[in-house]
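Read the structure below first, then the notes.
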Amino acid sequence: MANKVLMKGNEAIAEAAIKAGCMHYFGYPITPQTEIAAYMAKRMPKIGGTFLQAESEIAAINMVYGVSAAGYRVMTSSSSPGISLKSEGISYLAGADLPAVIINVQRGGPGLGGIQPSQSDYFQATKGGGHGDFHLIVLAPGSVQEMASLTVKGFELADKYRMPAMILADGTMGQMMEPVELDFDVAPAPEKPWATNGTKMQRKHNIVNSLSLIPEELEKFNFKRFERYKLVEENEAMYEEYKTEDADILVTAYGIASRVTKNAVDEARKKGIKVGLIRPITVWPFPKKPFEKMAEKVKHIVCVELSMGQMIEDVKLAVSCKVPVTLCNRAGGMIPSTEQILAEIEKYAKGE
Amino acid sequence: MKNLKRITIISGHYGSGKTNIAVNLSIDLKKEFDKVAVADLDIVNPYFRTKDSILEFKKNGIRLISSEYAGTNVDIPALPQEMYAITDDRSYKMIVDLGGDDRGALALGRLTPKIKEENDYDMLLVVNRFRPLTPDLETTVTVAREIEEAGKLKFTGVINNSNLGEFTTKEDILSSLSYAEEIAKAMEIPVVLTTVKREFYGELKGKIKNLYPLDLQAKI
């Protein structure tokens, strides 16, 4: 335990980003992620980095664009309505093939919504989150430790594939405290020969841009980008399986919902119900394989979400609708209870 | 508990465990005093507030002085409308839960003249050596001085609340004792309590002075 510290999820993200070599942070405060900015404000000046509270979310994401174009690891963070404001800039990052890490500590919506936890930005995060054909790598932490480790992973993947990565957390994950170990082996940032970091009179100018005047060329860029996305889908899907070996009922949930769901699985197992959990850790790329496998073995799938049902669509696609998939949910800032999920599992165990 | 002053202010770095201590202290205090109140002056935290223990307070007959917006979607740093009862209703033993850091301590400022005038208070610095921004003497004392500056009130004691949540070991606690003592010495105040989760209390009781058992709150 000597190397462990007790951290809020938001702080863990901030410190992990620094450990990953992110020396530049641009943000604008919004509950429930403000501790990320507060932590960066304290730490960055001490290590010679940049903390800048921009005049708006839009300004912050465009500062991220600039620093990324210059070849540096860079991060911004916000919560749901703030991410909507950033989405134009996120699309520009994707269009310019720039790596960056964007944190979304989700709160209840739509609109200004509330400050309590939610998972209702799943569509926005996994289906693009801005205009145009693009994807973000979306990582969904299920503990404070993962808030840290997936932030590091986000920087690595963003650099590897030259695309923005998002940490899709929620208010509870941001606010709760758990022990964390922060000793990471961080892959150093790769060479970035495309960066606009000065020609030193030794090479041609680099241009980082998302504008394309010739449609034939723009099409080519899109095709090329999606070849890269295919590689991400093939190589980077992450998930956790829990007690699935003999399961005839499957539950699935990510992030905060998976923690409550895990408790419900344990309770159901005590009652002799053969139930297992698949927890997607990346939600884009969505981990289709374990679902394909389980679709042959289980009679029912329950998808637990803090939304009106968003990930459930990816689950249905992954199992090609071979098995009925139903939703167990709360919304608007509420969290499902272990009892609610257990009741749902019991219902399908009895064959109702 | 009997020697607690009329007002006990719980303050410290944010995330040091103030709220949990305030809740536990008030419940124990109620066993010995008829009129006990907890005042939530946290203007920093959106979640995990004193008000989350409202059922516990009701069950124990403890008065809760809290902003009606705490734990709701109203995202403003609101103070409770009854906050002047802290100084004006002297029939109560009062536990005050301040928000973290100097920003949280700002809420105390307007009460400080009356608290000083009555002069029956303790202001206790909660420390946790496992928090990343206060791992040593220097950083912790800096935060403590900032709080004193903002709240215009001096600390009178240290609560050593060093922990790693539910994963805390006995060794973690024992290893934190010198950290707390150093802070207390530097600030010329005593360590008044060392907290420990209840399951360790029996075993560590003889080994640590002023040991105080805590029941852990919220867990997800």
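Chain labels follow the order of the structure tokens: the first chain is A, the next B, and so on; residue numbering restarts at 1 in every chain, and ligands are counted from 1 in their shown order.
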### Message
Give me, as a VMD selection string, all polymer residues having an atom no more than 9 Å from B:Tyr201, counting only C-alpha atoms and skipping those fewer than 4 positions away in the same chain.
### Response
chain B and resid 195 to 197 205 211 to 214
### Task
Would you return as JSON, numbers by chain the members of stretch 51-136 of chain B that DSSP assigns to helix (DSSP H, G or I) on this structure's backbone?
{"B": [51, 52, 53, 54, 55, 56, 57, 58, 59, 60, 85, 86, 87, 88, 101, 102, 103, 104, 105, 106, 107, 108, 109, 110, 111, 112, 113, 114, 115, 116, 117, 118]}
### Summary
For A:Pro285, the closest of A:Leu136, A:Pro193, A:Ser307, A:Pro336 counting only C-alpha atoms is A:Leu136
Listing only residues of chain A within 8 Å of chain B, what is the closest atom pair and its distance in Å (to one decimal) for each, using only C-alpha atoms, sorted by chain and residue number ascending, as a tab-separated table?
```
residue	atom	partner	partner_atom	distance
A:Met1	CA	B:Asp172	CA	7.7
A:Lys4	CA	B:Phe130	CA	7.2
A:Val5	CA	B:Phe130	CA	4.7
A:Leu6	CA	B:Arg131	CA	5.2
A:Met7	CA	B:Arg131	CA	6.5
A:Lys8	CA	B:Gly15	CA	7.8
A:Thr31	CA	B:Pro46	CA	7.3
A:Pro32	CA	B:Pro46	CA	7.0
A:Gly114	CA	B:Asn73	CA	4.9
A:Ile115	CA	B:Asn73	CA	5.3
A:Gln116	CA	B:Asn73	CA	6.9
A:Gln175	CA	B:Tyr47	CA	6.8
A:Met177	CA	B:Gly165	CA	7.5
A:Glu178	CA	B:Gly165	CA	6.3
A:Pro179	CA	B:Leu164	CA	5.4
A:Arg259	CA	B:Ile220	CA	7.2
A:Val260	CA	B:Ile220	CA	7.1
```
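We find atom CA of A:Ile256 and atom CA of B:Gly99 to be spaced 25.4 Å apart.
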Mind listing the strand (DSSP E or B) residues of stretch 9-136 of chain A, per DSSP on the backbone, as an mmCIF file with all heavy atoms, in the first residue's frame?
```cif
data_model
loop_
_atom_site.group_PDB
_atom_site.id
_atom_site.type_symbol
_atom_site.label_atom_id
_atom_site.label_comp_id
_atom_site.auth_asym_id
_atom_site.auth_seq_id
_atom_site.Cartn_x
_atom_site.Cartn_y
_atom_site.Cartn_z
ATOM 1 N N HIS A 24 -0.144 20.221 -20.831
ATOM 2 C CA HIS A 24 -0.988 21.332 -21.247
ATOM 3 C C HIS A 24 -2.454 20.974 -21.067
ATOM 4 O O HIS A 24 -2.930 19.994 -21.626
ATOM 5 C CB HIS A 24 -0.704 21.691 -22.711
ATOM 6 C CG HIS A 24 0.750 21.895 -22.974
ATOM 7 N ND1 HIS A 24 1.409 23.063 -22.653
ATOM 8 C CD2 HIS A 24 1.690 21.053 -23.464
ATOM 9 C CE1 HIS A 24 2.689 22.938 -22.969
ATOM 10 N NE2 HIS A 24 2.890 21.722 -23.453
ATOM 11 N N TYR A 25 -3.130 21.762 -20.259
ATOM 12 C CA TYR A 25 -4.544 21.516 -19.983
ATOM 13 C C TYR A 25 -5.331 22.806 -20.202
ATOM 14 O O TYR A 25 -4.940 23.874 -19.715
ATOM 15 C CB TYR A 25 -4.730 21.035 -18.536
ATOM 16 C CG TYR A 25 -6.185 20.998 -18.130
ATOM 17 C CD1 TYR A 25 -6.957 19.856 -18.343
ATOM 18 C CD2 TYR A 25 -6.799 22.123 -17.580
ATOM 19 C CE1 TYR A 25 -8.291 19.838 -18.010
ATOM 20 C CE2 TYR A 25 -8.139 22.111 -17.250
ATOM 21 C CZ TYR A 25 -8.884 20.969 -17.460
ATOM 22 O OH TYR A 25 -10.212 20.952 -17.147
ATOM 23 N N PHE A 26 -6.428 22.681 -20.916
ATOM 24 C CA PHE A 26 -7.311 23.830 -21.147
ATOM 25 C C PHE A 26 -8.723 23.417 -20.768
ATOM 26 O O PHE A 26 -9.197 22.361 -21.200
ATOM 27 C CB PHE A 26 -7.280 24.244 -22.616
ATOM 28 C CG PHE A 26 -5.884 24.531 -23.097
ATOM 29 C CD1 PHE A 26 -5.120 23.538 -23.680
ATOM 30 C CD2 PHE A 26 -5.329 25.792 -22.910
ATOM 31 C CE1 PHE A 26 -3.818 23.783 -24.099
ATOM 32 C CE2 PHE A 26 -4.027 26.050 -23.322
ATOM 33 C CZ PHE A 26 -3.270 25.050 -23.923
ATOM 34 N N GLY A 27 -9.395 24.219 -19.963
ATOM 35 C CA GLY A 27 -10.722 23.808 -19.529
ATOM 36 C C GLY A 27 -11.585 24.980 -19.127
ATOM 37 O O GLY A 27 -11.168 26.148 -19.185
ATOM 38 N N THR A 50 1.185 23.972 -18.521
ATOM 39 C CA THR A 50 0.190 25.015 -18.745
ATOM 40 C C THR A 50 -1.141 24.596 -18.154
ATOM 41 O O THR A 50 -1.663 23.536 -18.492
ATOM 42 C CB THR A 50 -0.056 25.220 -20.257
ATOM 43 O OG1 THR A 50 1.182 25.340 -20.918
ATOM 44 C CG2 THR A 50 -0.926 26.447 -20.515
ATOM 45 N N PHE A 51 -1.691 25.429 -17.266
ATOM 46 C CA PHE A 51 -3.105 25.341 -16.930
ATOM 47 C C PHE A 51 -3.740 26.625 -17.413
ATOM 48 O O PHE A 51 -3.303 27.711 -17.054
ATOM 49 C CB PHE A 51 -3.330 25.218 -15.416
ATOM 50 C CG PHE A 51 -4.758 25.535 -15.044
ATOM 51 C CD1 PHE A 51 -5.743 24.575 -15.206
ATOM 52 C CD2 PHE A 51 -5.128 26.801 -14.612
ATOM 53 C CE1 PHE A 51 -7.072 24.874 -14.919
ATOM 54 C CE2 PHE A 51 -6.451 27.111 -14.331
ATOM 55 C CZ PHE A 51 -7.422 26.135 -14.482
ATOM 56 N N LEU A 52 -4.755 26.500 -18.238
ATOM 57 C CA LEU A 52 -5.411 27.713 -18.681
ATOM 58 C C LEU A 52 -6.915 27.546 -18.610
ATOM 59 O O LEU A 52 -7.470 26.619 -19.204
ATOM 60 C CB LEU A 52 -4.990 28.060 -20.115
ATOM 61 C CG LEU A 52 -5.194 29.530 -20.510
ATOM 62 C CD1 LEU A 52 -4.167 29.950 -21.548
ATOM 63 C CD2 LEU A 52 -6.588 29.784 -21.033
ATOM 64 N N GLN A 53 -7.549 28.398 -17.794
ATOM 65 C CA GLN A 53 -9.014 28.419 -17.795
ATOM 66 C C GLN A 53 -9.442 29.335 -18.921
ATOM 67 O O GLN A 53 -9.260 30.543 -18.862
ATOM 68 C CB GLN A 53 -9.577 28.891 -16.465
ATOM 69 C CG GLN A 53 -11.092 28.899 -16.509
ATOM 70 C CD GLN A 53 -11.738 29.162 -15.166
ATOM 71 O OE1 GLN A 53 -11.243 28.721 -14.131
ATOM 72 N NE2 GLN A 53 -12.831 29.893 -15.173
ATOM 73 N N VAL A 74 -2.055 16.753 -24.910
ATOM 74 C CA VAL A 74 -2.897 17.832 -24.409
ATOM 75 C C VAL A 74 -4.270 17.285 -24.045
ATOM 76 O O VAL A 74 -4.721 16.289 -24.610
ATOM 77 C CB VAL A 74 -2.984 18.971 -25.468
ATOM 78 C CG1 VAL A 74 -3.491 18.452 -26.813
ATOM 79 C CG2 VAL A 74 -3.845 20.143 -24.988
ATOM 80 N N MET A 75 -4.899 17.942 -23.062
ATOM 81 C CA MET A 75 -6.182 17.428 -22.562
ATOM 82 C C MET A 75 -7.143 18.573 -22.257
ATOM 83 O O MET A 75 -6.731 19.677 -21.905
ATOM 84 C CB MET A 75 -5.934 16.623 -21.284
ATOM 85 C CG MET A 75 -7.173 15.969 -20.715
ATOM 86 S SD MET A 75 -6.750 14.808 -19.383
ATOM 87 C CE MET A 75 -7.061 15.841 -17.965
ATOM 88 N N THR A 76 -8.431 18.283 -22.393
ATOM 89 C CA THR A 76 -9.474 19.153 -21.873
ATOM 90 C C THR A 76 -10.488 18.273 -21.178
ATOM 91 O O THR A 76 -10.527 17.061 -21.390
ATOM 92 C CB THR A 76 -10.129 20.012 -22.962
ATOM 93 O OG1 THR A 76 -11.026 20.949 -22.336
ATOM 94 C CG2 THR A 76 -10.940 19.162 -23.936
ATOM 95 N N SER A 77 -11.308 18.892 -20.320
ATOM 96 C CA SER A 77 -12.329 18.106 -19.630
ATOM 97 C C SER A 77 -13.571 18.948 -19.464
ATOM 98 O O SER A 77 -13.500 20.175 -19.408
ATOM 99 C CB SER A 77 -11.815 17.672 -18.252
ATOM 100 O OG SER A 77 -11.561 18.799 -17.441
ATOM 101 N N SER A 78 -14.712 18.257 -19.398
ATOM 102 C CA SER A 78 -15.969 18.965 -19.171
ATOM 103 C C SER A 78 -17.020 17.956 -18.734
ATOM 104 O O SER A 78 -16.710 16.796 -18.470
ATOM 105 C CB SER A 78 -16.401 19.708 -20.438
ATOM 106 O OG SER A 78 -17.427 20.624 -20.134
ATOM 107 N N ALA A 100 -5.740 13.817 -29.041
ATOM 108 C CA ALA A 100 -5.995 14.615 -27.846
ATOM 109 C C ALA A 100 -6.834 13.757 -26.916
ATOM 110 O O ALA A 100 -7.434 12.775 -27.360
ATOM 111 C CB ALA A 100 -6.747 15.896 -28.179
ATOM 112 N N VAL A 101 -6.862 14.114 -25.645
ATOM 113 C CA VAL A 101 -7.740 13.404 -24.715
ATOM 114 C C VAL A 101 -8.793 14.375 -24.193
ATOM 115 O O VAL A 101 -8.482 15.488 -23.759
ATOM 116 C CB VAL A 101 -6.942 12.755 -23.561
ATOM 117 C CG1 VAL A 101 -7.885 12.202 -22.495
ATOM 118 C CG2 VAL A 101 -6.060 11.636 -24.102
ATOM 119 N N ILE A 102 -10.041 13.929 -24.302
ATOM 120 C CA ILE A 102 -11.186 14.736 -23.874
ATOM 121 C C ILE A 102 -11.916 13.955 -22.788
ATOM 122 O O ILE A 102 -12.220 12.778 -22.976
ATOM 123 C CB ILE A 102 -12.129 14.989 -25.064
ATOM 124 C CG1 ILE A 102 -11.380 15.740 -26.175
ATOM 125 C CG2 ILE A 102 -13.369 15.758 -24.623
ATOM 126 C CD1 ILE A 102 -11.778 15.319 -27.559
ATOM 127 N N ILE A 103 -12.147 14.610 -21.666
ATOM 128 C CA ILE A 103 -12.806 13.932 -20.550
ATOM 129 C C ILE A 103 -14.259 14.387 -20.478
ATOM 130 O O ILE A 103 -14.538 15.589 -20.444
ATOM 131 C CB ILE A 103 -12.121 14.286 -19.200
ATOM 132 C CG1 ILE A 103 -10.597 14.137 -19.274
ATOM 133 C CG2 ILE A 103 -12.728 13.474 -18.063
ATOM 134 C CD1 ILE A 103 -10.082 12.758 -19.458
ATOM 135 N N ASN A 104 -15.184 13.430 -20.414
ATOM 136 C CA ASN A 104 -16.588 13.769 -20.168
ATOM 137 C C ASN A 104 -17.048 13.081 -18.887
ATOM 138 O O ASN A 104 -17.223 11.873 -18.847
ATOM 139 C CB ASN A 104 -17.465 13.335 -21.352
ATOM 140 C CG ASN A 104 -18.939 13.738 -21.154
ATOM 141 O OD1 ASN A 104 -19.285 14.363 -20.152
ATOM 142 N ND2 ASN A 104 -19.789 13.375 -22.095
ATOM 143 N N VAL A 105 -17.210 13.865 -17.819
ATOM 144 C CA VAL A 105 -17.761 13.356 -16.570
ATOM 145 C C VAL A 105 -19.261 13.654 -16.624
ATOM 146 O O VAL A 105 -19.706 14.742 -16.237
ATOM 147 C CB VAL A 105 -17.077 14.016 -15.345
ATOM 148 C CG1 VAL A 105 -17.608 13.414 -14.049
ATOM 149 C CG2 VAL A 105 -15.567 13.835 -15.413
ATOM 150 N N GLN A 106 -20.019 12.664 -17.123
ATOM 151 C CA GLN A 106 -21.409 12.919 -17.517
ATOM 152 C C GLN A 106 -22.333 13.285 -16.357
ATOM 153 O O GLN A 106 -22.217 12.758 -15.257
ATOM 154 C CB GLN A 106 -21.997 11.673 -18.181
ATOM 155 C CG GLN A 106 -21.311 11.228 -19.430
ATOM 156 C CD GLN A 106 -21.816 9.851 -19.836
ATOM 157 O OE1 GLN A 106 -22.800 9.717 -20.541
ATOM 158 N NE2 GLN A 106 -21.143 8.822 -19.369
ATOM 159 N N ARG A 107 -23.280 14.165 -16.657
ATOM 160 C CA ARG A 107 -24.359 14.531 -15.731
ATOM 161 C C ARG A 107 -25.691 14.390 -16.455
ATOM 162 O O ARG A 107 -25.730 14.228 -17.668
ATOM 163 C CB ARG A 107 -24.157 15.948 -15.217
ATOM 164 C CG ARG A 107 -23.994 16.975 -16.321
ATOM 165 C CD ARG A 107 -23.580 18.317 -15.762
ATOM 166 N NE ARG A 107 -24.671 19.280 -15.790
ATOM 167 C CZ ARG A 107 -24.580 20.510 -15.283
ATOM 168 N NH1 ARG A 107 -23.460 20.905 -14.705
ATOM 169 N NH2 ARG A 107 -25.587 21.338 -15.332
ATOM 170 N N PRO A 117 -25.111 12.141 -11.442
ATOM 171 C CA PRO A 117 -24.467 11.293 -12.455
ATOM 172 C C PRO A 117 -25.421 10.722 -13.498
ATOM 173 O O PRO A 117 -26.598 10.522 -13.227
ATOM 174 C CB PRO A 117 -23.879 10.147 -11.625
ATOM 175 C CG PRO A 117 -24.706 10.112 -10.394
ATOM 176 C CD PRO A 117 -25.055 11.536 -10.105
#
```
For B:Val126, list every protein, DNA or RNA residue within 7 Å, evaluated using only C-alpha atoms, and leave out those in the same chain fewer than 6 positions away; present the list as a PDB file with N, CA, C and O atoms, in the first residue's frame.
```pdb
ATOM      1  N   ILE B  10     -14.894  21.485  12.025  1.00  0.00           N
ATOM      2  CA  ILE B  10     -14.091  20.471  11.352  1.00  0.00           C
ATOM      3  C   ILE B  10     -13.660  21.040  10.011  1.00  0.00           C
ATOM      4  O   ILE B  10     -14.481  21.369   9.161  1.00  0.00           O
ATOM      5  N   SER B  11     -12.353  21.165   9.830  1.00  0.00           N
ATOM      6  CA  SER B  11     -11.853  21.777   8.607  1.00  0.00           C
ATOM      7  C   SER B  11     -10.612  21.042   8.125  1.00  0.00           C
ATOM      8  O   SER B  11     -10.074  20.197   8.825  1.00  0.00           O
ATOM      9  N   GLY B  12     -10.173  21.352   6.923  1.00  0.00           N
ATOM     10  CA  GLY B  12      -8.978  20.700   6.391  1.00  0.00           C
ATOM     11  C   GLY B  12      -8.978  20.703   4.881  1.00  0.00           C
ATOM     12  O   GLY B  12      -9.855  21.290   4.247  1.00  0.00           O
ATOM     13  N   SER B  16     -10.263  15.263   2.873  1.00  0.00           N
ATOM     14  CA  SER B  16      -9.529  14.704   4.008  1.00  0.00           C
ATOM     15  C   SER B  16     -10.438  13.888   4.923  1.00  0.00           C
ATOM     16  O   SER B  16      -9.945  13.174   5.789  1.00  0.00           O
ATOM     17  N   LYS B  18     -13.612  15.229   6.355  1.00  0.00           N
ATOM     18  CA  LYS B  18     -14.292  16.081   7.326  1.00  0.00           C
ATOM     19  C   LYS B  18     -15.735  15.656   7.587  1.00  0.00           C
ATOM     20  O   LYS B  18     -16.170  15.561   8.738  1.00  0.00           O
ATOM     21  N   VAL B 158      -5.405  18.831  15.886  1.00  0.00           N
ATOM     22  CA  VAL B 158      -5.302  18.044  14.651  1.00  0.00           C
ATOM     23  C   VAL B 158      -6.073  16.740  14.827  1.00  0.00           C
ATOM     24  O   VAL B 158      -5.995  16.101  15.882  1.00  0.00           O
ATOM     25  N   ILE B 159      -6.860  16.377  13.805  1.00  0.00           N
ATOM     26  CA  ILE B 159      -7.439  15.027  13.756  1.00  0.00           C
ATOM     27  C   ILE B 159      -6.692  14.256  12.687  1.00  0.00           C
ATOM     28  O   ILE B 159      -6.725  14.638  11.513  1.00  0.00           O
ATOM     29  N   ASN B 160      -6.013  13.210  13.089  1.00  0.00           N
ATOM     30  CA  ASN B 160      -5.312  12.366  12.108  1.00  0.00           C
ATOM     31  C   ASN B 160      -6.302  11.369  11.520  1.00  0.00           C
ATOM     32  O   ASN B 160      -6.702  10.411  12.165  1.00  0.00           O
ATOM     33  N   ASN B 161      -6.730  11.639  10.303  1.00  0.00           N
ATOM     34  CA  ASN B 161      -7.718  10.781   9.626  1.00  0.00           C
ATOM     35  C   ASN B 161      -7.066  10.063   8.443  1.00  0.00           C
ATOM     36  O   ASN B 161      -7.691   9.850   7.409  1.00  0.00           O
TER      37      ASN B 161
END
```
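The smallest atom-to-atom distance between A:Pro110 and any of A:Gly89, A:Ser84, A:Gln310, A:Gly66, using only C-alpha atoms, is found for A:Ser84.
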### Task
List the neighbours of B:Arg145 out to 12 Å using only C-alpha atoms; skip same-chain residues closer than 2 positions along the sequence, and give me the result as number ranges by chain.
B: 11-13, 101-102, 105, 125, 138-143, 147-155, 183, 186-187
### Query
Which value, in Å to one decimal, gives the distance between atom CA of A:Lys347 and atom CA of A:Ala318?
23.3 Å
### Message
Residues within 12 Å of B:Asn24, please, as number ranges by chain. Count only C-alpha atoms; anything in the same chain fewer than 3 positions from it doesn't count.
### Response
B: 1, 10, 17-21, 27-31, 38, 50, 53, 56-57, 60, 62, 95, 97, 195-198, 212-217
Could those residues be written to a file, using N, CA, C and O atoms, as a compact mmCIF listing (two decimals), in the first residue's frame?
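Result written to part-v6.txt:
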```
# COMPACT_ATOMS: atom_id res chain seq x y z
N MET B 1 -15.82 12.66 24.67
CA MET B 1 -16.86 13.54 24.13
C MET B 1 -17.22 14.68 25.09
O MET B 1 -17.51 15.78 24.67
N ILE B 10 -14.89 21.48 12.03
CA ILE B 10 -14.09 20.47 11.35
C ILE B 10 -13.66 21.04 10.01
O ILE B 10 -14.48 21.37 9.16
N GLY B 17 -11.75 13.99 4.74
CA GLY B 17 -12.68 13.16 5.51
C GLY B 17 -13.48 13.92 6.55
O GLY B 17 -14.00 13.34 7.50
N LYS B 18 -13.61 15.23 6.35
CA LYS B 18 -14.29 16.08 7.33
C LYS B 18 -15.73 15.66 7.59
O LYS B 18 -16.17 15.56 8.74
N THR B 19 -16.47 15.41 6.49
CA THR B 19 -17.89 15.13 6.64
C THR B 19 -18.13 13.85 7.43
O THR B 19 -18.97 13.81 8.33
N ASN B 20 -17.36 12.83 7.11
CA ASN B 20 -17.52 11.56 7.81
C ASN B 20 -17.25 11.72 9.30
O ASN B 20 -17.96 11.17 10.14
N ILE B 21 -16.24 12.53 9.62
CA ILE B 21 -15.92 12.76 11.02
C ILE B 21 -17.03 13.55 11.70
O ILE B 21 -17.46 13.24 12.81
N ILE B 27 -23.11 11.98 16.20
CA ILE B 27 -23.90 10.84 16.71
C ILE B 27 -23.39 10.44 18.10
O ILE B 27 -24.19 10.17 19.01
N ASP B 28 -22.09 10.45 18.29
CA ASP B 28 -21.55 10.12 19.61
C ASP B 28 -21.85 11.20 20.64
O ASP B 28 -22.12 10.91 21.81
N LEU B 29 -21.81 12.43 20.19
CA LEU B 29 -22.09 13.56 21.08
C LEU B 29 -23.52 13.50 21.60
O LEU B 29 -23.81 13.82 22.76
N LYS B 30 -24.40 13.05 20.72
CA LYS B 30 -25.83 13.02 21.08
C LYS B 30 -26.09 12.03 22.22
O LYS B 30 -27.07 12.17 22.96
N LYS B 31 -25.19 11.04 22.37
CA LYS B 31 -25.37 10.08 23.45
C LYS B 31 -25.18 10.75 24.81
O LYS B 31 -25.63 10.24 25.83
N VAL B 38 -25.65 19.60 13.69
CA VAL B 38 -24.57 19.58 12.70
C VAL B 38 -24.86 20.65 11.67
O VAL B 38 -25.98 20.73 11.17
N THR B 50 -23.03 16.23 4.03
CA THR B 50 -23.55 15.89 5.35
C THR B 50 -25.02 15.50 5.25
O THR B 50 -25.49 14.61 5.94
N SER B 53 -26.68 12.05 5.24
CA SER B 53 -26.93 11.27 6.46
C SER B 53 -28.21 11.72 7.17
O SER B 53 -28.39 11.47 8.36
N GLU B 56 -30.08 9.28 9.33
CA GLU B 56 -29.31 8.99 10.54
C GLU B 56 -29.54 10.09 11.59
O GLU B 56 -29.74 9.83 12.76
N PHE B 57 -29.50 11.33 11.14
CA PHE B 57 -29.70 12.47 12.05
C PHE B 57 -31.10 12.44 12.63
O PHE B 57 -31.31 12.64 13.82
N ASN B 60 -31.52 9.83 15.23
CA ASN B 60 -30.83 10.14 16.48
C ASN B 60 -31.27 11.46 17.12
O ASN B 60 -30.74 11.84 18.15
N ILE B 62 -30.80 14.50 15.93
CA ILE B 62 -29.78 15.53 15.75
C ILE B 62 -30.31 16.58 14.77
O ILE B 62 -30.87 16.23 13.72
N ILE B 95 -21.57 20.90 15.81
CA ILE B 95 -20.47 20.42 14.97
C ILE B 95 -20.59 21.14 13.62
O ILE B 95 -21.64 21.09 12.98
N ASP B 97 -19.29 21.51 9.80
CA ASP B 97 -18.57 20.83 8.72
C ASP B 97 -18.27 21.84 7.62
O ASP B 97 -19.15 22.25 6.88
N THR B 195 -8.25 8.73 13.98
CA THR B 195 -9.43 7.93 13.65
C THR B 195 -9.00 6.58 13.11
O THR B 195 -7.92 6.41 12.55
N VAL B 196 -9.92 5.63 13.25
CA VAL B 196 -9.66 4.29 12.76
C VAL B 196 -11.01 3.65 12.47
O VAL B 196 -11.99 3.94 13.14
N LYS B 197 -11.08 2.81 11.42
CA LYS B 197 -12.37 2.16 11.19
C LYS B 197 -12.65 1.20 12.33
O LYS B 197 -11.73 0.63 12.91
N ARG B 198 -13.92 1.02 12.62
CA ARG B 198 -14.32 0.38 13.87
C ARG B 198 -13.69 -1.00 14.06
O ARG B 198 -13.30 -1.35 15.18
N TYR B 212 -10.08 7.04 17.93
CA TYR B 212 -11.52 7.27 17.76
C TYR B 212 -12.07 6.39 16.64
O TYR B 212 -11.63 6.49 15.49
N PRO B 213 -13.03 5.50 16.96
CA PRO B 213 -13.55 4.58 15.93
C PRO B 213 -14.56 5.27 15.03
O PRO B 213 -15.46 5.96 15.49
N LEU B 214 -14.42 5.03 13.73
CA LEU B 214 -15.33 5.64 12.75
C LEU B 214 -16.13 4.56 12.04
O LEU B 214 -15.61 3.49 11.75
N ASP B 215 -17.38 4.88 11.76
CA ASP B 215 -18.15 4.03 10.85
C ASP B 215 -18.09 4.67 9.48
O ASP B 215 -18.38 5.85 9.33
N LEU B 216 -17.68 3.89 8.49
CA LEU B 216 -17.57 4.44 7.13
C LEU B 216 -18.95 4.68 6.57
O LEU B 216 -19.86 3.89 6.75
N GLN B 217 -19.06 5.77 5.84
CA GLN B 217 -20.35 6.13 5.23
C GLN B 217 -20.49 5.53 3.84
O GLN B 217 -20.04 4.45 3.57
```
### Query
Can you list, as a PyMOL selection string, every protein, DNA or RNA residue that comes within 10 Å of A:Tyr161 when you count only C-alpha atoms, leaving out same-chain residues fewer than 5 positions away?
chain A and resi 97-99+137+156+225+228-229+231-232
### Query
Which polymer residues have any atom within 9 Å of an atom of A:Pro141, counting only C-alpha atoms, with same-chain residues fewer than 2 positions away left out, as number ranges by chain?
A: 139, 143-151, 167-169, 173, 254-256, 281-282
### Message
Can you measure atom CA of A:Leu317 to atom CA of A:Ile249 for me? One decimal in Å is fine.
### Response
17.8 Å
### Task
Identify which of the residues B:Ala78, B:Thr8, B:Glu117, B:Tyr69 lies closest to B:Gly157, counting only C-alpha atoms when measuring atom-to-atom distances.
B:Thr8
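Taking only C-alpha atoms into account, A:Glu11 lies nearest to B:Tyr14 out of the set B:Leu55, B:Glu182, B:Lys5, B:Tyr14.
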